[in-house]
Amino acid sequence: MAGQALIDHGRFLDALGIEVELLIDASHAAPASTPVPTCPGFTVGEVVRHIGGVYRVAKLWMTEGRAPKDWQRYPAPGQSLEDYLRQGFDALLGEFAAHEPDAYAASWWPADRTYGFWWRRMAHETTVHRYDLEDATAEPITDVADDFAVDGIDEVLSAWFAQRLPMLGLSGTITRTVAVHSGGHHWIARAGPGVTEAWHCSAEEAATADGSVTADPMAMYLWTWGRLPLRNVNWSGDDDAIAQFWSLLRLATK
């Protein structure tokens with residue numbers, strides 16, 4: 001079912017609480033001016049500021065019922081980046097605590113307009129950027145549970161590839177399908193003139209795709225988010241299909 005998370009929503013809140021602390025810890029391991037290679041143009045401080053802003057945007061989506069037009073984008077005078085992030089995080093958790101995950105909440109994804117969408121979205125947003133800071137500051141990379149990573153792969157394909165690209169008016173130049181295999185799960189991503197879509201499928205259906213990529217859950221999670229290069233996954237089949245898929249993923253998650 002489109003929009004349905006693959007793990008219990010309570011896991012997202014547990015992960016979010018852990019990941020935000022790991023992200024803050026990693027931000028302390030190097031100066032705020034340290035470049036973040038996996039986020040070109042960003043520094044460690046900019047990633048912390050970005051996450052603090054994202055938490056505010058998410059809360060406003062839920063409380064205002066629409067895409068917010070204005071929010072606190074930077075720390076207040078005299079406020080540290082960490083305090084700015086924590087303030088946004090605490091307000092976000094307060095909003096989450098007041099609603100069940102299946103309660104209605106506006107979102108940019110028609111398949112899931114619930115509070116649960118934002119629980120899932122914020123957990124994966126924080127996790128990916130926590131990885132960015134650990135990588136940038138040479139901290140040990142913290143793995144996530146396989147089922148959490150598989151859910152993240154599903155979110156990238158269903159919400160970002162299949163939804164964000166059409167919202168941006170972007171599609172492929174040739175109609176091709178790519179199968180994604182990880183953690184015992186399978187998806188097909190199809191792109192072509194006027195179409196970008198992805199769905200969870202059986203191994204038999206995945207075998208009909210023009211190309212395929214395979215990796216363990218953590219590697220595939222990071223690869224779909226553009227954090228690892230193609231050499232970190234195994235691929236076979238139509239090279240053009242895989243190249244188009246990779247390029248569109250990068251546009252979708254930019």
# chains A, B, ... in the order shown; residues from 1 in each chain; ligands from 1
call {"tool": "residues_around", "arguments": {"residues": "region 134-148 of chain A", "least_positions_apart": "4", "cutoff": "7 Å", "atoms": "only C-alpha atoms", "output": "PyMOL selection string"}}
result
chain A and resi 26+29-30+35-37+130+152+183+217-218
call {"tool": "write_last_selection", "arguments": {"atoms": "C-alpha atoms", "output": "tab-separated table (two decimals), in the first residue's frame"}}
result
chain	number	residue	atom	x	y	z
A	26	ALA	CA	29.17	14.44	15.73
A	29	ALA	CA	33.84	16.59	16.85
A	30	ALA	CA	35.02	19.30	14.45
A	35	PRO	CA	33.05	21.09	5.02
A	36	VAL	CA	30.57	18.22	4.69
A	37	PRO	CA	31.57	16.27	1.54
A	130	ARG	CA	23.73	12.33	11.18
A	152	GLY	CA	14.20	4.28	4.44
A	183	GLY	CA	17.11	-7.03	2.92
A	217	PRO	CA	20.21	-2.42	3.70
A	218	MET	CA	22.59	0.16	5.17
call {"tool": "residues_around", "arguments": {"residues": "Leu60 (chain A)", "least_positions_apart": "2", "cutoff": "10 Å", "atoms": "only C-alpha atoms", "output": "PyMOL selection string"}}
result
chain A and resi 54-58+62-71+92+95+106
call {"tool": "select_by_dssp", "arguments": {"residues": "region 39-215 of chain A", "states": "alpha helix (DSSP H)", "output": "number ranges by chain"}}
result
A: 44-64, 81-97, 115-136, 146-155, 165-168, 203-206
call {"tool": "residues_around", "arguments": {"residues": "Glu82 (chain A)", "least_positions_apart": "5", "cutoff": "10 Å", "atoms": "only C-alpha atoms", "output": "CSV table (one decimal) with C-alpha atoms, in the first residue's frame"}}
result
chain,number,residue,atom,x,y,z
A,24,ILE,CA,24.8,16.7,17.9
A,27,SER,CA,28.8,18.2,15.3
A,28,HIS,CA,31.0,18.7,18.4
A,45,GLY,CA,27.3,24.2,11.3
A,48,VAL,CA,22.9,21.6,12.2
A,49,ARG,CA,21.1,24.8,11.2
A,52,GLY,CA,16.8,22.9,13.2
A,75,PRO,CA,19.4,31.0,15.5
A,87,GLN,CA,14.4,24.2,20.5
A,88,GLY,CA,13.0,23.1,17.2
call {"tool": "residues_around", "arguments": {"residues": "Tyr104 (chain A)", "least_positions_apart": "4", "cutoff": "10 Å", "atoms": "only C-alpha atoms", "output": "list of chain:residue names"}}
result
A:Met62, A:Gly65, A:His99, A:Glu100, A:Asp112, A:Arg113, A:Thr114, A:Tyr115, A:Gly116, A:Phe117
call {"tool": "write_last_selection", "arguments": {"atoms": "all heavy atoms", "output": "PDB file, in the first residue's frame"}}
result
ATOM      1  N   MET A  62       2.131  20.678  10.110  1.00  0.00           N
ATOM      2  CA  MET A  62       1.107  20.013  10.906  1.00  0.00           C
ATOM      3  C   MET A  62       0.155  21.004  11.572  1.00  0.00           C
ATOM      4  O   MET A  62      -1.047  20.775  11.639  1.00  0.00           O
ATOM      5  CB  MET A  62       1.781  19.116  11.953  1.00  0.00           C
ATOM      6  CG  MET A  62       2.491  17.915  11.340  1.00  0.00           C
ATOM      7  SD  MET A  62       3.339  16.877  12.572  1.00  0.00           S
ATOM      8  CE  MET A  62       4.868  17.784  12.828  1.00  0.00           C
ATOM      9  N   GLY A  65      -1.533  23.342   8.580  1.00  0.00           N
ATOM     10  CA  GLY A  65      -2.304  22.593   7.588  1.00  0.00           C
ATOM     11  C   GLY A  65      -1.938  22.897   6.153  1.00  0.00           C
ATOM     12  O   GLY A  65      -2.727  22.633   5.238  1.00  0.00           O
ATOM     13  N   HIS A  99      -0.662  13.815  19.235  1.00  0.00           N
ATOM     14  CA  HIS A  99      -1.476  13.175  18.200  1.00  0.00           C
ATOM     15  C   HIS A  99      -1.028  11.740  17.966  1.00  0.00           C
ATOM     16  O   HIS A  99       0.149  11.406  18.089  1.00  0.00           O
ATOM     17  CB  HIS A  99      -1.361  13.949  16.878  1.00  0.00           C
ATOM     18  CG  HIS A  99      -1.845  15.359  16.960  1.00  0.00           C
ATOM     19  ND1 HIS A  99      -1.049  16.389  17.401  1.00  0.00           N
ATOM     20  CD2 HIS A  99      -3.060  15.909  16.687  1.00  0.00           C
ATOM     21  CE1 HIS A  99      -1.733  17.519  17.383  1.00  0.00           C
ATOM     22  NE2 HIS A  99      -2.946  17.264  16.955  1.00  0.00           N
ATOM     23  N   GLU A 100      -1.978  10.901  17.584  1.00  0.00           N
ATOM     24  CA  GLU A 100      -1.672   9.542  17.162  1.00  0.00           C
ATOM     25  C   GLU A 100      -1.086   9.588  15.740  1.00  0.00           C
ATOM     26  O   GLU A 100      -1.398  10.505  14.967  1.00  0.00           O
ATOM     27  CB  GLU A 100      -2.929   8.680  17.178  1.00  0.00           C
ATOM     28  CG  GLU A 100      -3.478   8.431  18.568  1.00  0.00           C
ATOM     29  CD  GLU A 100      -2.499   7.683  19.451  1.00  0.00           C
ATOM     30  OE1 GLU A 100      -1.843   6.740  18.958  1.00  0.00           O
ATOM     31  OE2 GLU A 100      -2.360   8.069  20.631  1.00  0.00           O
ATOM     32  N   ASP A 112       0.151   9.853   1.932  1.00  0.00           N
ATOM     33  CA  ASP A 112       0.197   9.769   3.396  1.00  0.00           C
ATOM     34  C   ASP A 112       0.091  11.168   3.992  1.00  0.00           C
ATOM     35  O   ASP A 112       1.082  11.881   4.143  1.00  0.00           O
ATOM     36  CB  ASP A 112       1.498   9.108   3.862  1.00  0.00           C
ATOM     37  CG  ASP A 112       1.467   8.760   5.350  1.00  0.00           C
ATOM     38  OD1 ASP A 112       0.457   9.071   6.016  1.00  0.00           O
ATOM     39  OD2 ASP A 112       2.447   8.179   5.851  1.00  0.00           O
ATOM     40  N   ARG A 113      -1.113  11.545   4.325  1.00  0.00           N
ATOM     41  CA  ARG A 113      -1.341  12.823   4.989  1.00  0.00           C
ATOM     42  C   ARG A 113      -1.750  12.539   6.434  1.00  0.00           C
ATOM     43  O   ARG A 113      -2.912  12.647   6.816  1.00  0.00           O
ATOM     44  CB  ARG A 113      -2.384  13.640   4.229  1.00  0.00           C
ATOM     45  CG  ARG A 113      -1.785  14.178   2.934  1.00  0.00           C
ATOM     46  CD  ARG A 113      -2.721  14.984   2.106  1.00  0.00           C
ATOM     47  NE  ARG A 113      -1.990  15.663   1.028  1.00  0.00           N
ATOM     48  CZ  ARG A 113      -2.519  15.985  -0.145  1.00  0.00           C
ATOM     49  NH1 ARG A 113      -3.786  15.697  -0.403  1.00  0.00           N
ATOM     50  NH2 ARG A 113      -1.787  16.585  -1.052  1.00  0.00           N
ATOM     51  N   THR A 114      -0.771  12.130   7.198  1.00  0.00           N
ATOM     52  CA  THR A 114      -0.972  11.801   8.602  1.00  0.00           C
ATOM     53  C   THR A 114       0.224  12.297   9.403  1.00  0.00           C
ATOM     54  O   THR A 114       1.280  12.627   8.856  1.00  0.00           O
ATOM     55  CB  THR A 114      -1.085  10.283   8.829  1.00  0.00           C
ATOM     56  OG1 THR A 114       0.193   9.669   8.531  1.00  0.00           O
ATOM     57  CG2 THR A 114      -2.170   9.656   7.967  1.00  0.00           C
ATOM     58  N   TYR A 115       0.047  12.320  10.726  1.00  0.00           N
ATOM     59  CA  TYR A 115       1.182  12.620  11.589  1.00  0.00           C
ATOM     60  C   TYR A 115       2.282  11.579  11.409  1.00  0.00           C
ATOM     61  O   TYR A 115       3.471  11.888  11.513  1.00  0.00           O
ATOM     62  CB  TYR A 115       0.733  12.687  13.053  1.00  0.00           C
ATOM     63  CG  TYR A 115       0.266  14.070  13.436  1.00  0.00           C
ATOM     64  CD1 TYR A 115      -1.030  14.501  13.119  1.00  0.00           C
ATOM     65  CD2 TYR A 115       1.112  14.958  14.078  1.00  0.00           C
ATOM     66  CE1 TYR A 115      -1.453  15.776  13.448  1.00  0.00           C
ATOM     67  CE2 TYR A 115       0.691  16.244  14.412  1.00  0.00           C
ATOM     68  CZ  TYR A 115      -0.581  16.640  14.079  1.00  0.00           C
ATOM     69  OH  TYR A 115      -0.985  17.925  14.402  1.00  0.00           O
ATOM     70  N   GLY A 116       1.887  10.339  11.132  1.00  0.00           N
ATOM     71  CA  GLY A 116       2.874   9.286  10.935  1.00  0.00           C
ATOM     72  C   GLY A 116       3.835   9.576   9.798  1.00  0.00           C
ATOM     73  O   GLY A 116       5.002   9.178   9.851  1.00  0.00           O
ATOM     74  N   PHE A 117       3.362  10.265   8.752  1.00  0.00           N
ATOM     75  CA  PHE A 117       4.254  10.665   7.666  1.00  0.00           C
ATOM     76  C   PHE A 117       5.422  11.469   8.215  1.00  0.00           C
ATOM     77  O   PHE A 117       6.588  11.244   7.848  1.00  0.00           O
ATOM     78  CB  PHE A 117       3.498  11.499   6.631  1.00  0.00           C
ATOM     79  CG  PHE A 117       4.404  12.221   5.661  1.00  0.00           C
ATOM     80  CD1 PHE A 117       4.877  11.575   4.530  1.00  0.00           C
ATOM     81  CD2 PHE A 117       4.798  13.539   5.894  1.00  0.00           C
ATOM     82  CE1 PHE A 117       5.731  12.230   3.643  1.00  0.00           C
ATOM     83  CE2 PHE A 117       5.642  14.203   5.010  1.00  0.00           C
ATOM     84  CZ  PHE A 117       6.114  13.549   3.880  1.00  0.00           C
TER      85      PHE A 117
END
call {"tool": "atom_distance", "arguments": {"atom1": "CA of Thr214 (chain A)", "atom2": "CA of Ser182 (chain A)"}}
result
6.0 Å
